[in-house]
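J.: Sending over input.txt (compact mmCIF, C-alpha atoms).
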# COMPACT_ATOMS: atom_id res chain seq x y z
CA SER O 28 16.02 -98.38 71.33
CA ASP O 29 17.17 -101.67 72.78
CA TRP O 30 15.24 -101.10 76.05
CA LEU O 31 12.16 -99.10 75.12
CA GLU O 32 9.48 -100.19 72.71
CA ALA O 33 5.96 -99.14 71.78
CA GLY O 34 3.36 -101.87 71.99
CA ALA O 35 1.18 -102.96 69.10
CA TRP O 36 -1.71 -103.73 71.46
CA GLU O 37 -3.15 -100.22 71.50
CA CYS O 38 -3.32 -99.94 67.70
CA SER O 39 -4.43 -103.49 67.04
CA PRO O 40 -7.10 -103.81 64.32
CA GLN O 41 -9.20 -105.71 66.91
CA ARG O 42 -9.64 -102.49 68.92
CA SER O 43 -12.50 -100.17 68.01
CA HIS O 44 -10.73 -97.01 69.23
CA TRP O 45 -7.41 -95.61 70.44
CA PRO O 46 -7.18 -96.08 74.22
CA ASP O 47 -5.96 -93.25 76.43
CA PHE O 48 -2.54 -93.75 78.04
CA PRO O 49 -3.84 -94.78 81.50
CA VAL O 50 -5.75 -97.67 79.90
CA VAL O 51 -2.62 -98.79 78.03
CA VAL O 52 -0.51 -98.62 81.22
CA GLN O 53 -3.09 -100.63 83.20
CA ALA O 54 -3.36 -103.25 80.44
CA LEU O 55 0.43 -103.65 80.39
CA GLN O 56 0.55 -104.00 84.17
CA LYS O 57 -2.15 -106.68 84.05
CA HIS O 58 -0.41 -108.56 81.21
CA LEU O 59 2.94 -108.54 83.03
CA ALA O 60 1.37 -109.71 86.28
CA GLN O 61 -0.22 -112.66 84.45
CA HIS O 62 2.74 -113.67 82.29
CA VAL O 63 5.95 -112.73 84.13
CA GLN O 64 7.16 -114.32 87.36
CA GLU O 65 9.20 -111.41 88.68
CA PRO O 66 7.47 -108.14 89.58
CA ILE O 67 8.13 -105.46 86.96
CA GLU O 68 7.47 -101.78 87.52
CA VAL O 69 5.76 -100.01 84.63
CA TYR O 70 6.63 -96.41 83.84
CA PHE O 71 4.78 -94.12 81.44
CA VAL O 72 7.30 -92.01 79.47
CA CYS O 73 6.13 -88.59 78.30
CA GLY O 74 7.40 -85.15 77.50
CA ALA O 75 7.19 -82.25 79.94
CA ASP O 76 4.49 -80.70 77.78
CA HIS O 77 2.22 -83.76 78.16
CA TYR O 78 3.05 -84.09 81.87
CA GLN O 79 1.89 -80.53 82.51
CA LYS O 80 -1.11 -80.64 80.16
CA CYS O 81 -2.50 -83.78 81.84
CA ASN O 82 -1.58 -82.67 85.38
CA LEU O 83 0.34 -85.88 86.00
CA SER O 84 2.00 -84.58 89.18
CA ARG O 85 -0.65 -86.62 91.05
CA GLY O 86 0.71 -89.78 89.43
CA LEU O 87 -1.15 -92.61 87.72
CA ARG O 88 -3.65 -95.02 89.23
CA GLY O 89 -2.39 -98.52 89.80
CA GLY O 90 1.05 -97.47 90.99
CA ALA O 91 2.73 -97.00 87.61
CA GLY O 92 5.56 -94.52 87.56
CA ILE O 93 6.09 -91.61 85.22
CA VAL O 94 9.29 -90.57 83.45
CA VAL O 95 9.21 -86.92 82.35
CA LEU O 96 11.46 -85.97 79.45
CA PRO O 97 12.56 -82.35 79.16
CA ARG O 98 11.35 -80.14 76.34
CA GLU O 99 13.00 -77.04 75.01
CA GLY O 100 12.25 -74.08 77.24
CA SER O 101 10.00 -75.91 79.70
CA ALA O 102 10.92 -76.22 83.33
CA VAL O 103 9.07 -78.96 85.18
CA SER O 104 8.82 -79.52 88.88
CA VAL O 105 7.95 -82.94 90.19
CA PRO O 106 6.93 -83.80 93.75
CA ARG O 107 9.66 -85.05 96.04
CA ARG O 108 9.30 -88.71 96.93
CA SER O 109 8.16 -89.39 100.45
CA GLY O 110 5.58 -91.85 101.66
CA ALA O 111 2.69 -92.15 99.21
CA VAL O 112 4.04 -89.63 96.71
CA PRO O 113 3.79 -91.00 93.16
CA LYS O 114 6.88 -92.43 91.45
CA ILE O 115 7.84 -89.61 89.11
CA VAL O 116 11.29 -89.29 87.59
CA LYS O 117 12.38 -86.09 85.90
CA VAL O 118 15.12 -86.72 83.33
CA GLN O 119 17.88 -84.13 83.51
CA PRO O 120 18.07 -81.94 80.38
CA SER O 121 21.74 -82.81 79.87
CA LEU O 122 20.73 -86.45 79.24
CA CYS O 123 18.38 -85.39 76.43
CA ALA O 124 20.43 -82.57 74.96
CA GLY O 125 20.41 -81.64 71.32
CA GLU O 126 18.08 -83.27 68.83
CA LEU O 127 16.47 -85.54 71.44
CA GLN O 128 14.54 -82.56 72.81
CA HIS O 129 13.05 -81.97 69.35
CA TYR O 130 11.27 -85.35 69.31
CA SER O 131 7.68 -84.64 70.27
CA SER O 132 4.41 -86.38 69.47
CA THR O 133 2.60 -83.12 70.26
CA LYS O 134 4.61 -81.29 67.60
CA VAL O 135 4.10 -84.17 65.17
CA ARG O 136 0.31 -84.07 65.60
CA ARG O 137 0.18 -80.28 65.23
CA ALA O 138 2.26 -80.37 62.04
CA LEU O 139 0.22 -83.20 60.53
CA LYS O 140 -3.07 -81.42 61.28
CA LYS O 141 -1.72 -78.55 59.17
CA GLY O 142 -0.60 -80.95 56.41
CA ARG O 143 3.10 -80.26 57.07
CA VAL O 144 4.59 -83.74 56.80
CA ASP O 145 8.20 -82.50 56.50
CA GLU O 146 7.82 -80.47 59.69
CA ALA O 147 6.41 -83.55 61.45
CA MET O 148 9.31 -85.69 60.20
CA ALA O 149 11.75 -83.23 61.82
CA CYS O 150 10.17 -84.01 65.22
CA LEU O 151 10.85 -87.74 64.95
CA PRO O 152 14.02 -89.82 65.28
CA PRO O 153 15.82 -91.13 62.19
CA GLY O 154 14.43 -94.33 60.78
CA VAL O 155 10.77 -93.32 60.75
CA SER O 156 9.59 -93.42 57.15
CA ARG O 157 7.33 -90.78 55.66
CA ASP O 158 4.91 -93.52 54.55
CA ASP O 159 4.75 -95.02 58.05
CA LEU O 160 4.13 -91.58 59.55
CA THR O 161 1.28 -90.69 57.20
CA ARG O 162 -0.27 -94.17 57.58
CA ALA O 163 -0.07 -93.96 61.38
CA TYR O 164 -1.62 -90.50 61.36
CA ALA O 165 -4.47 -91.66 59.13
CA LEU O 166 -5.05 -94.56 61.51
CA ALA O 167 -4.93 -92.30 64.58
CA THR O 168 -7.51 -89.90 63.18
CA SER O 169 -9.92 -92.60 62.04
CA GLY O 170 -9.40 -95.34 64.65
CA PRO O 171 -7.69 -98.72 64.23
CA SER O 172 -10.68 -100.38 62.61
CA ALA O 173 -13.24 -99.18 60.13
CA GLY O 174 -15.89 -97.15 61.88
CA GLY O 175 -13.72 -96.61 64.95
CA LYS O 176 -14.04 -93.40 66.89
CA LYS O 177 -11.64 -90.54 66.33
CA ALA O 178 -8.66 -90.19 68.63
CA GLY O 179 -9.48 -88.09 71.64
CA SER O 180 -13.26 -88.52 71.41
CA LYS O 181 -15.16 -90.07 74.28
CA LYS O 182 -17.81 -92.77 74.24
CA LYS O 183 -21.25 -91.61 75.32
Let me see the file written as structure tokens.
T.:
Amino acid sequence: SDWLEAGAWECSPQRSHWPDFPVVVQALQKHLAQHVQEPIEVYFVCGADHYQKCNLSRGLRGGAGIVVLPREGSAVSVPRRSGAVPKIVKVQPSLCAGELQHYSSTKVRRALKKGRVDEAMACLPPGVSRDDLTRAYALATSGPSAGGKKAGSKKK
């Protein structure tokens, strides 16, 4: 995309673990506030499945917005904006029709856990190489640096 990009910060070899999305959003907000003159609103983009799973209808701390992409067969309701209601934008299904609704990190992770790389590739946009996918998955399940914690585990 010419307007949307994933940051390398969260998978940097200097990190000892994969940060959860609120940590990434807060770090981006802090970086922008320190390095950019004009105020920039940060929005977390996720699929309807993730939005519902993480109960994001309450919004994110720090004032970041959320953009909810439709998924096949999932209807999502978002709170109407008034007063202190979080900034949540639901993308209309017609804007993500066809193959765009098949792109899903949740489906990619499920397929890779079962060793089904071809199935995972079908859930990603063109241009993602099989080698990059398997390398990224290996990194995600072992942490960015040697000895890092597994994705999804919590520090004690």
J.: Would you compute the distance between atom CA of Lys57 of chain O and atom CA of Leu160 of chain O? Give it in Å to one decimal.
T.: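 That distance, rounded to one decimal, is 29.5 Å.
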J.: Could you check how far atom CA of Ala165 of chain O sits from atom CA of Gln41 of chain O, in Å to one decimal?
T.: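 Computing it gives 16.7 Å between the two atoms.
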J.: Choose the residue, out of O:Ser84, O:Asp145, O:His58, O:Val72, that has the smallest atom-to-atom separation from Arg107 of chain O; count all atoms listed in the file.
T.: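 Of the candidates, the smallest distance to Arg107 of chain O is held by O:Ser84.
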J.: Taking 6 positions as the minimum chain separation for residues in the same chain, which residues sit within 7 Å of Gly74 of chain O when counting all atoms listed in the file? Answer as a list of chain:residue names.
T.: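 Everything that qualifies: O:Val95, O:Leu96, O:Pro97, O:Arg98.
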J.: Create the file for the chosen residues now, containing C-alpha atoms and written as an mmCIF file, in the coordinates of the input.
T.:
data_model
loop_
_atom_site.group_PDB
_atom_site.id
_atom_site.type_symbol
_atom_site.label_atom_id
_atom_site.label_comp_id
_atom_site.auth_asym_id
_atom_site.auth_seq_id
_atom_site.Cartn_x
_atom_site.Cartn_y
_atom_site.Cartn_z
ATOM 1 C CA VAL O 95 9.210 -86.920 82.350
ATOM 2 C CA LEU O 96 11.460 -85.970 79.450
ATOM 3 C CA PRO O 97 12.560 -82.350 79.160
ATOM 4 C CA ARG O 98 11.350 -80.140 76.340
#
J.: Could you list as an NGL selection string every residue that has an atom within 12 Å of (2.8, -83.6, 86.1), using the file's coordinates and counting all atoms listed in the file?
T.: :O and (71-87 or 92-96 or 102-106 or 113-117)
J.: Quick check, in Å to one decimal: how far apart do atom CA of Ser131 of chain O and atom CA of Glu146 of chain O lie?
T.: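 Between these atoms lies a distance of 11.4 Å.
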J.: Need the shell around Arg157 of chain O: protein/DNA/RNA residues with any atom at most 10 Å away, counting all atoms listed in the file. Skip same-chain ones fewer than 6 positions apart. Format as a list in words?
T.: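 Returned residues: Val144, Asp145, Ala147, Met148 and Ala163 of chain O.
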J.: For a quick check of your reading of the model, name the residues lying within 9 Å of the coordinate (10.2, -84.4, 68.0), counting all atoms listed in the file, and write them as a PyMOL selection string.
T.: chain O and resi 126-135+147-152
J.: Here is a test: counting only C-alpha atoms, which residue of O:Pro66, O:Gly154, O:Pro49, O:Pro120 is nearest to Ala91 of chain O?
T.: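 For Ala91 of chain O, the nearest of the candidates is O:Pro49.
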J.: So which one's closest to Tyr164 of chain O, O:Val51, O:Arg143, O:Arg136, O:Ile67? Using only C-alpha atoms, please.
T.: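 Nearest to Tyr164 of chain O: O:Arg136.
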J.: Using the file's own x, y and z axes, so that the box edges lie along x, y and z, what centre and edge lengths in Å (one decimal) does a box around every listed atom of segment 127-141 of chain O get when 8 Å is added on each side? Give it as lines of an AutoDock Vina configuration file.
T.:
center_x = 6.7
center_y = -82.5
center_z = 66.0
size_x = 35.5
size_y = 23.8
size_z = 29.6
J.: Missing atoms in segment 120-155 of chain O: can you complete it with N, CA and C atoms, as a PDB file, in the frame of the given file?
T.:
ATOM      1  N   PRO O 120      17.928 -82.415  81.764  1.00  0.00           N
ATOM      2  CA  PRO O 120      18.070 -81.940  80.380  1.00  0.00           C
ATOM      3  C   PRO O 120      19.377 -82.350  79.709  1.00  0.00           C
ATOM      4  N   SER O 121      20.458 -82.451  80.466  1.00  0.00           N
ATOM      5  CA  SER O 121      21.740 -82.810  79.870  1.00  0.00           C
ATOM      6  C   SER O 121      21.719 -84.223  79.268  1.00  0.00           C
ATOM      7  N   LEU O 122      20.831 -85.090  79.772  1.00  0.00           N
ATOM      8  CA  LEU O 122      20.730 -86.450  79.240  1.00  0.00           C
ATOM      9  C   LEU O 122      19.938 -86.498  77.941  1.00  0.00           C
ATOM     10  N   CYS O 123      19.199 -85.450  77.657  1.00  0.00           N
ATOM     11  CA  CYS O 123      18.380 -85.390  76.430  1.00  0.00           C
ATOM     12  C   CYS O 123      18.741 -84.149  75.625  1.00  0.00           C
ATOM     13  N   ALA O 124      20.004 -83.788  75.648  1.00  0.00           N
ATOM     14  CA  ALA O 124      20.430 -82.570  74.960  1.00  0.00           C
ATOM     15  C   ALA O 124      20.367 -82.738  73.448  1.00  0.00           C
ATOM     16  N   GLY O 125      20.355 -81.631  72.775  1.00  0.00           N
ATOM     17  CA  GLY O 125      20.410 -81.640  71.320  1.00  0.00           C
ATOM     18  C   GLY O 125      19.119 -82.078  70.677  1.00  0.00           C
ATOM     19  N   GLU O 126      19.242 -82.896  69.634  1.00  0.00           N
ATOM     20  CA  GLU O 126      18.080 -83.270  68.830  1.00  0.00           C
ATOM     21  C   GLU O 126      17.042 -84.082  69.597  1.00  0.00           C
ATOM     22  N   LEU O 127      17.434 -84.753  70.673  1.00  0.00           N
ATOM     23  CA  LEU O 127      16.470 -85.540  71.440  1.00  0.00           C
ATOM     24  C   LEU O 127      15.325 -84.690  71.969  1.00  0.00           C
ATOM     25  N   GLN O 128      15.599 -83.423  72.294  1.00  0.00           N
ATOM     26  CA  GLN O 128      14.540 -82.560  72.810  1.00  0.00           C
ATOM     27  C   GLN O 128      13.589 -82.105  71.709  1.00  0.00           C
ATOM     28  N   HIS O 129      13.932 -82.340  70.464  1.00  0.00           N
ATOM     29  CA  HIS O 129      13.050 -81.970  69.350  1.00  0.00           C
ATOM     30  C   HIS O 129      12.003 -83.042  69.073  1.00  0.00           C
ATOM     31  N   TYR O 130      12.219 -84.269  69.551  1.00  0.00           N
ATOM     32  CA  TYR O 130      11.270 -85.350  69.310  1.00  0.00           C
ATOM     33  C   TYR O 130      10.032 -85.094  70.171  1.00  0.00           C
ATOM     34  N   SER O 131       8.887 -84.961  69.530  1.00  0.00           N
ATOM     35  CA  SER O 131       7.680 -84.640  70.270  1.00  0.00           C
ATOM     36  C   SER O 131       6.445 -85.078  69.514  1.00  0.00           C
ATOM     37  N   SER O 132       5.652 -85.949  70.118  1.00  0.00           N
ATOM     38  CA  SER O 132       4.410 -86.380  69.470  1.00  0.00           C
ATOM     39  C   SER O 132       3.433 -85.220  69.366  1.00  0.00           C
ATOM     40  N   THR O 133       3.481 -84.299  70.320  1.00  0.00           N
ATOM     41  CA  THR O 133       2.600 -83.120  70.260  1.00  0.00           C
ATOM     42  C   THR O 133       2.924 -82.293  69.026  1.00  0.00           C
ATOM     43  N   LYS O 134       4.206 -82.057  68.785  1.00  0.00           N
ATOM     44  CA  LYS O 134       4.610 -81.290  67.600  1.00  0.00           C
ATOM     45  C   LYS O 134       4.276 -82.043  66.314  1.00  0.00           C
ATOM     46  N   VAL O 135       4.425 -83.359  66.346  1.00  0.00           N
ATOM     47  CA  VAL O 135       4.100 -84.170  65.170  1.00  0.00           C
ATOM     48  C   VAL O 135       2.620 -84.026  64.836  1.00  0.00           C
ATOM     49  N   ARG O 136       1.755 -84.180  65.846  1.00  0.00           N
ATOM     50  CA  ARG O 136       0.310 -84.070  65.600  1.00  0.00           C
ATOM     51  C   ARG O 136      -0.063 -82.686  65.079  1.00  0.00           C
ATOM     52  N   ARG O 137       0.492 -81.651  65.678  1.00  0.00           N
ATOM     53  CA  ARG O 137       0.180 -80.280  65.230  1.00  0.00           C
ATOM     54  C   ARG O 137       0.585 -80.078  63.763  1.00  0.00           C
ATOM     55  N   ALA O 138       1.781 -80.533  63.413  1.00  0.00           N
ATOM     56  CA  ALA O 138       2.260 -80.370  62.040  1.00  0.00           C
ATOM     57  C   ALA O 138       1.389 -81.156  61.066  1.00  0.00           C
ATOM     58  N   LEU O 139       1.025 -82.375  61.419  1.00  0.00           N
ATOM     59  CA  LEU O 139       0.220 -83.200  60.530  1.00  0.00           C
ATOM     60  C   LEU O 139      -1.189 -82.631  60.344  1.00  0.00           C
ATOM     61  N   LYS O 140      -1.745 -82.049  61.398  1.00  0.00           N
ATOM     62  CA  LYS O 140      -3.070 -81.420  61.280  1.00  0.00           C
ATOM     63  C   LYS O 140      -3.045 -80.279  60.270  1.00  0.00           C
ATOM     64  N   LYS O 141      -1.877 -79.657  60.124  1.00  0.00           N
ATOM     65  CA  LYS O 141      -1.720 -78.550  59.170  1.00  0.00           C
ATOM     66  C   LYS O 141      -1.238 -79.054  57.811  1.00  0.00           C
ATOM     67  N   GLY O 142      -1.057 -80.373  57.670  1.00  0.00           N
ATOM     68  CA  GLY O 142      -0.600 -80.950  56.410  1.00  0.00           C
ATOM     69  C   GLY O 142       0.886 -80.778  56.166  1.00  0.00           C
ATOM     70  N   ARG O 143       1.656 -80.505  57.193  1.00  0.00           N
ATOM     71  CA  ARG O 143       3.100 -80.260  57.070  1.00  0.00           C
ATOM     72  C   ARG O 143       3.884 -81.514  57.457  1.00  0.00           C
ATOM     73  N   VAL O 144       3.946 -82.450  56.536  1.00  0.00           N
ATOM     74  CA  VAL O 144       4.590 -83.740  56.800  1.00  0.00           C
ATOM     75  C   VAL O 144       6.087 -83.566  57.057  1.00  0.00           C
ATOM     76  N   ASP O 145       6.757 -82.702  56.293  1.00  0.00           N
ATOM     77  CA  ASP O 145       8.200 -82.500  56.500  1.00  0.00           C
ATOM     78  C   ASP O 145       8.486 -81.939  57.887  1.00  0.00           C
ATOM     79  N   GLU O 146       7.657 -81.027  58.346  1.00  0.00           N
ATOM     80  CA  GLU O 146       7.820 -80.470  59.690  1.00  0.00           C
ATOM     81  C   GLU O 146       7.618 -81.566  60.744  1.00  0.00           C
ATOM     82  N   ALA O 147       6.642 -82.442  60.528  1.00  0.00           N
ATOM     83  CA  ALA O 147       6.410 -83.550  61.450  1.00  0.00           C
ATOM     84  C   ALA O 147       7.600 -84.507  61.463  1.00  0.00           C
ATOM     85  N   MET O 148       8.157 -84.789  60.288  1.00  0.00           N
ATOM     86  CA  MET O 148       9.310 -85.690  60.200  1.00  0.00           C
ATOM     87  C   MET O 148      10.496 -85.163  61.012  1.00  0.00           C
ATOM     88  N   ALA O 149      10.649 -83.836  61.082  1.00  0.00           N
ATOM     89  CA  ALA O 149      11.750 -83.230  61.820  1.00  0.00           C
ATOM     90  C   ALA O 149      11.611 -83.438  63.330  1.00  0.00           C
ATOM     91  N   CYS O 150      10.416 -83.800  63.798  1.00  0.00           N
ATOM     92  CA  CYS O 150      10.170 -84.010  65.220  1.00  0.00           C
ATOM     93  C   CYS O 150      10.277 -85.476  65.621  1.00  0.00           C
ATOM     94  N   LEU O 151      10.737 -86.306  64.702  1.00  0.00           N
ATOM     95  CA  LEU O 151      10.850 -87.740  64.950  1.00  0.00           C
ATOM     96  C   LEU O 151      12.290 -88.211  64.778  1.00  0.00           C
ATOM     97  N   PRO O 152      12.649 -89.313  65.427  1.00  0.00           N
ATOM     98  CA  PRO O 152      14.020 -89.820  65.280  1.00  0.00           C
ATOM     99  C   PRO O 152      14.248 -90.405  63.886  1.00  0.00           C
ATOM    100  N   PRO O 153      15.506 -90.517  63.482  1.00  0.00           N
ATOM    101  CA  PRO O 153      15.820 -91.130  62.190  1.00  0.00           C
ATOM    102  C   PRO O 153      15.275 -92.552  62.136  1.00  0.00           C
ATOM    103  N   GLY O 154      14.936 -92.975  60.951  1.00  0.00           N
ATOM    104  CA  GLY O 154      14.430 -94.330  60.780  1.00  0.00           C
ATOM    105  C   GLY O 154      12.928 -94.411  60.625  1.00  0.00           C
ATOM    106  N   VAL O 155      12.217 -93.334  60.954  1.00  0.00           N
ATOM    107  CA  VAL O 155      10.770 -93.320  60.750  1.00  0.00           C
ATOM    108  C   VAL O 155      10.531 -92.914  59.303  1.00  0.00           C
TER     109      VAL O 155
END
